[in-house]
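Next comes model-v5.csv, a file with CSV, C-alpha atoms.
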```
chain,number,residue,atom,x,y,z
A,1,MET,CA,146.5,74.0,113.1
A,2,SER,CA,143.5,73.1,115.2
A,3,GLU,CA,140.1,72.8,113.8
A,4,GLU,CA,138.9,75.8,115.9
A,5,ASN,CA,141.1,78.3,114.2
A,6,THR,CA,140.7,77.0,110.6
A,7,PRO,CA,138.8,79.6,108.6
A,8,THR,CA,135.7,78.2,106.8
A,9,ARG,CA,133.2,79.6,104.5
A,10,ARG,CA,130.6,79.5,107.4
A,11,SER,CA,132.8,81.5,109.7
A,12,PHE,CA,133.4,84.1,107.0
A,13,LEU,CA,129.6,84.5,106.4
A,14,LYS,CA,128.9,84.7,110.1
A,15,GLY,CA,131.5,87.5,110.4
A,16,GLY,CA,129.9,89.4,107.5
A,17,ALA,CA,126.4,89.0,109.0
A,18,ILE,CA,127.7,90.4,112.3
A,19,ILE,CA,129.3,93.4,110.6
A,20,ALA,CA,126.2,94.1,108.4
A,21,ALA,CA,123.6,93.9,111.1
A,22,PRO,CA,124.0,97.4,112.4
A,23,LEU,CA,123.9,98.8,108.9
A,24,ALA,CA,120.7,96.9,108.1
A,25,ALA,CA,119.1,98.2,111.3
A,26,VAL,CA,119.6,101.8,110.1
A,27,GLY,CA,117.9,101.0,106.8
A,28,LEU,CA,117.1,103.3,103.9
A,29,PRO,CA,115.5,106.6,104.9
A,30,ALA,CA,111.8,106.9,103.9
A,31,ALA,CA,112.6,110.1,101.9
A,32,ALA,CA,115.1,108.2,99.7
A,33,LEU,CA,112.6,105.4,99.2
A,34,ALA,CA,109.9,107.8,98.1
A,35,ALA,CA,112.3,109.9,96.0
A,36,ASP,CA,113.0,107.1,93.5
A,37,GLY,CA,109.3,106.0,93.3
A,38,ARG,CA,109.6,102.5,94.8
A,39,ALA,CA,106.9,103.3,97.3
A,40,GLU,CA,104.4,104.2,94.5
A,41,LYS,CA,105.4,101.1,92.5
A,42,LEU,CA,105.0,98.9,95.6
A,43,ALA,CA,101.5,100.4,96.3
A,44,ARG,CA,100.5,99.9,92.7
A,45,LEU,CA,101.6,96.2,92.7
A,46,GLU,CA,99.7,95.6,96.0
A,47,ALA,CA,96.6,97.2,94.5
A,48,GLU,CA,96.9,95.1,91.3
A,49,LYS,CA,97.3,92.0,93.4
A,50,ALA,CA,94.2,92.9,95.5
A,51,ILE,CA,92.1,93.6,92.4
A,52,ARG,CA,93.2,90.3,90.8
A,53,GLU,CA,92.2,88.4,94.0
A,54,LEU,CA,88.9,90.3,94.1
A,55,HIS,CA,88.2,89.4,90.5
A,56,GLN,CA,89.1,85.7,91.0
A,57,GLY,CA,86.9,85.6,94.1
A,58,TRP,CA,84.0,87.1,92.1
A,59,LEU,CA,84.6,84.6,89.3
A,60,ARG,CA,84.5,81.7,91.7
A,61,GLN,CA,81.2,82.9,93.3
A,62,VAL,CA,79.6,83.5,89.9
A,63,ASN,CA,80.6,80.1,88.5
A,64,SER,CA,79.4,78.3,91.7
A,65,GLY,CA,76.0,80.1,91.4
A,66,ASN,CA,76.5,81.8,94.8
A,67,PHE,CA,75.3,85.3,93.8
A,68,ALA,CA,74.7,86.3,97.5
A,69,ALA,CA,78.4,85.8,98.2
A,70,ALA,CA,79.3,87.6,94.9
A,71,ALA,CA,77.1,90.6,96.0
A,72,GLN,CA,79.3,91.0,99.1
A,73,LEU,CA,82.2,91.9,96.7
A,74,TYR,CA,80.3,94.9,95.4
A,75,ALA,CA,80.7,98.4,96.9
A,76,ASN,CA,76.9,98.7,97.1
A,77,GLY,CA,76.3,95.1,98.2
A,78,LYS,CA,74.1,94.2,95.1
A,79,CYS,CA,75.0,92.1,92.2
A,80,SER,CA,75.2,93.7,88.8
A,81,ALA,CA,72.2,93.5,86.4
A,82,ALA,CA,74.7,92.2,83.8
A,83,LEU,CA,74.6,88.8,85.6
A,84,ASN,CA,71.0,88.1,84.8
A,85,GLY,CA,70.9,84.8,83.1
A,86,VAL,CA,74.6,84.1,83.4
A,87,CYS,CA,75.4,80.7,84.8
A,88,ALA,CA,79.1,80.4,84.0
A,89,ALA,CA,81.9,82.8,82.9
A,90,VAL,CA,85.2,81.3,81.7
A,91,PRO,CA,88.2,83.4,80.7
A,92,ASP,CA,88.6,83.4,76.9
A,93,GLN,CA,92.2,82.4,76.2
A,94,ALA,CA,91.7,83.3,72.5
A,95,GLY,CA,90.4,86.8,73.3
A,96,GLU,CA,92.2,90.1,74.0
A,97,ALA,CA,94.6,90.3,76.9
A,98,ASP,CA,93.3,91.6,80.2
A,99,ALA,CA,93.9,95.3,80.8
A,100,LEU,CA,93.9,97.2,84.1
A,101,GLU,CA,94.2,100.9,84.4
A,102,PHE,CA,94.3,103.1,87.5
A,103,ALA,CA,92.8,106.6,87.9
A,104,SER,CA,95.2,109.4,88.7
A,105,ASP,CA,94.1,109.4,92.4
A,106,GLY,CA,94.8,105.7,92.8
A,107,LYS,CA,91.4,105.1,94.4
A,108,ARG,CA,89.6,103.9,91.3
A,109,ALA,CA,90.5,101.4,88.6
A,110,SER,CA,89.0,100.0,85.4
A,111,ALA,CA,89.7,96.7,83.7
A,112,THR,CA,88.6,94.7,80.7
A,113,TYR,CA,88.6,90.9,80.5
A,114,ALA,CA,87.7,88.5,77.7
A,115,PHE,CA,85.2,85.8,78.6
A,116,VAL,CA,83.1,83.0,77.2
A,117,VAL,CA,79.8,83.4,78.9
A,118,GLU,CA,77.2,80.7,79.3
A,119,SER,CA,73.7,81.9,79.9
A,120,GLU,CA,70.3,80.3,80.4
A,121,THR,CA,67.0,81.5,79.1
A,122,LEU,CA,63.6,80.2,80.1
A,123,ILE,CA,61.6,78.9,77.2
A,124,PRO,CA,58.1,80.4,77.4
A,125,ALA,CA,55.4,77.7,77.7
A,126,ASP,CA,53.2,79.3,75.1
A,127,ASN,CA,52.8,76.3,72.7
A,128,THR,CA,52.5,72.5,72.9
A,129,LEU,CA,56.1,71.8,72.0
A,130,ALA,CA,57.4,74.2,74.7
A,131,GLN,CA,55.0,72.7,77.3
A,132,MET,CA,56.4,69.2,76.5
A,133,ARG,CA,59.9,70.5,77.1
A,134,HIS,CA,58.9,72.0,80.4
A,135,ALA,CA,57.3,68.7,81.4
A,136,GLN,CA,60.5,66.8,80.6
A,137,GLY,CA,62.6,69.2,82.7
A,138,GLU,CA,64.1,71.0,79.7
A,139,ALA,CA,62.7,74.5,80.3
A,140,MET,CA,66.0,76.3,79.8
A,141,VAL,CA,68.1,76.9,76.7
A,142,ARG,CA,71.8,77.3,77.4
A,143,THR,CA,73.9,79.4,75.0
A,144,SER,CA,77.5,80.3,74.9
A,145,GLU,CA,79.1,83.5,73.5
A,146,ARG,CA,82.2,85.6,73.7
A,147,ARG,CA,81.8,88.8,75.7
A,148,THR,CA,84.0,91.5,77.1
A,149,LEU,CA,83.7,92.2,80.8
A,150,LYS,CA,84.2,95.9,81.7
A,151,ALA,CA,84.8,96.3,85.4
A,152,ASP,CA,85.2,99.4,87.5
A,153,TYR,CA,86.7,99.0,91.0
A,154,VAL,CA,86.8,101.4,93.9
A,155,GLN,CA,89.1,101.5,96.9
A,156,THR,CA,87.2,101.4,100.2
A,157,ARG,CA,88.6,102.1,103.7
A,158,GLU,CA,87.5,98.9,105.4
A,159,ASP,CA,87.9,96.1,102.8
A,160,GLY,CA,90.5,97.4,100.4
A,161,TRP,CA,89.0,97.1,97.0
A,162,ALA,CA,85.4,96.5,95.9
A,163,ILE,CA,83.5,96.2,92.6
A,164,ALA,CA,81.8,99.4,91.6
A,165,LYS,CA,80.3,98.3,88.3
A,166,LEU,CA,80.4,95.4,85.9
A,167,ASP,CA,79.0,95.2,82.4
A,168,PHE,CA,79.3,92.4,79.8
A,169,ALA,CA,79.5,93.7,76.2
A,170,GLN,CA,79.4,91.7,73.0
A,171,ALA,CA,82.9,90.9,71.9
```
Go ahead and express the file in the form of structure tokens.
Amino acid sequence: MSEENTPTRRSFLKGGAIIAAPLAAVGLPAAALAADGRAEKLARLEAEKAIRELHQGWLRQVNSGNFAAAAQLYANGKCSAALNGVCAAVPDQAGEADALEFASDGKRASATYAFVVESETLIPADNTLAQMRHAQGEAMVRTSERRTLKADYVQTREDGWAIAKLDFAQA
């Protein structure tokens, strides 16, 4: 037998691909896709991914101190008042697991995240000791505490998802 007529695994797979190509072109009807809920599941997974990326982007901007860029992630274009004094926010691995819930219309979502938040407070220069600290460049006191971030997200037409509201609560 010549090598050209010897059946091989490759030739078998090529033949199967040629036969299956017209069937793949027809595809699954959209009604069948919607009927078993795959479209809704896919939309939810895409929304979860978009919110996760939005949250990570916000976290990068806050930890780098770039509050102007963080403000661009909000629906109203302004940073939350909850960020006053916050200089770093690190996910708390010992805290509660992150939770994300969608509203029934799919256009709004709420999430809770566990964080360890570092904040800075200006020491008032109202006595000699405080004035000495100011003169030595130690005018701030940095504290660290566990907090829960409660976030509300809203779906916008142009950018996908945006932050509607953030609030740090004591853990």
(message) Excluding Asp152 in chain A and its own-chain neighbours fewer than 5 positions away, which residues fall within 10 Å of it when counting all atoms listed in the file? Please give them as a ChimeraX atom specification.
(response) /A:100-102,108-112,162-167
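If you look at CA of Asn63 in chain A and CA of Val86 in chain A, they are 8.8 Å away from each other.
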Take the point (78.7, 77.6, 73.5) in the file's coordinates, draw a sphere of radius 10 Å around it, and report as a CSV table (one decimal) with C-alpha atoms, in the coordinates of the input every protein, DNA or RNA residue with an atom inside or on it, counting all atoms listed in the file.
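Result file is out_22.csv:
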```
chain,number,residue,atom,x,y,z
A,116,VAL,CA,83.1,83.0,77.2
A,117,VAL,CA,79.8,83.4,78.9
A,118,GLU,CA,77.2,80.7,79.3
A,119,SER,CA,73.7,81.9,79.9
A,142,ARG,CA,71.8,77.3,77.4
A,143,THR,CA,73.9,79.4,75.0
A,144,SER,CA,77.5,80.3,74.9
A,145,GLU,CA,79.1,83.5,73.5
A,146,ARG,CA,82.2,85.6,73.7
```
(request) In Å, rounded to a single decimal, give me how far CA of Asn127 in chain A is from CA of Met140 in chain A. (result)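 The value is 15.0 Å.
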(message) Counting all atoms listed in the file, which residue out of A:Asn84, A:Gln61, A:Gln170, A:Asn66 sits closest to Thr121 in chain A?
(response)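 Nearest to Thr121 in chain A: A:Asn84.
Going from CA of Arg52 in chain A to CA of Ala70 in chain A covers 14.7 Å.
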(request) Could you give me, as a count of residues only, the residues within 10 Å of Leu83 in chain A, counting all atoms listed in the file and dropping anything in the same chain fewer than 2 positions from it? (result) 14
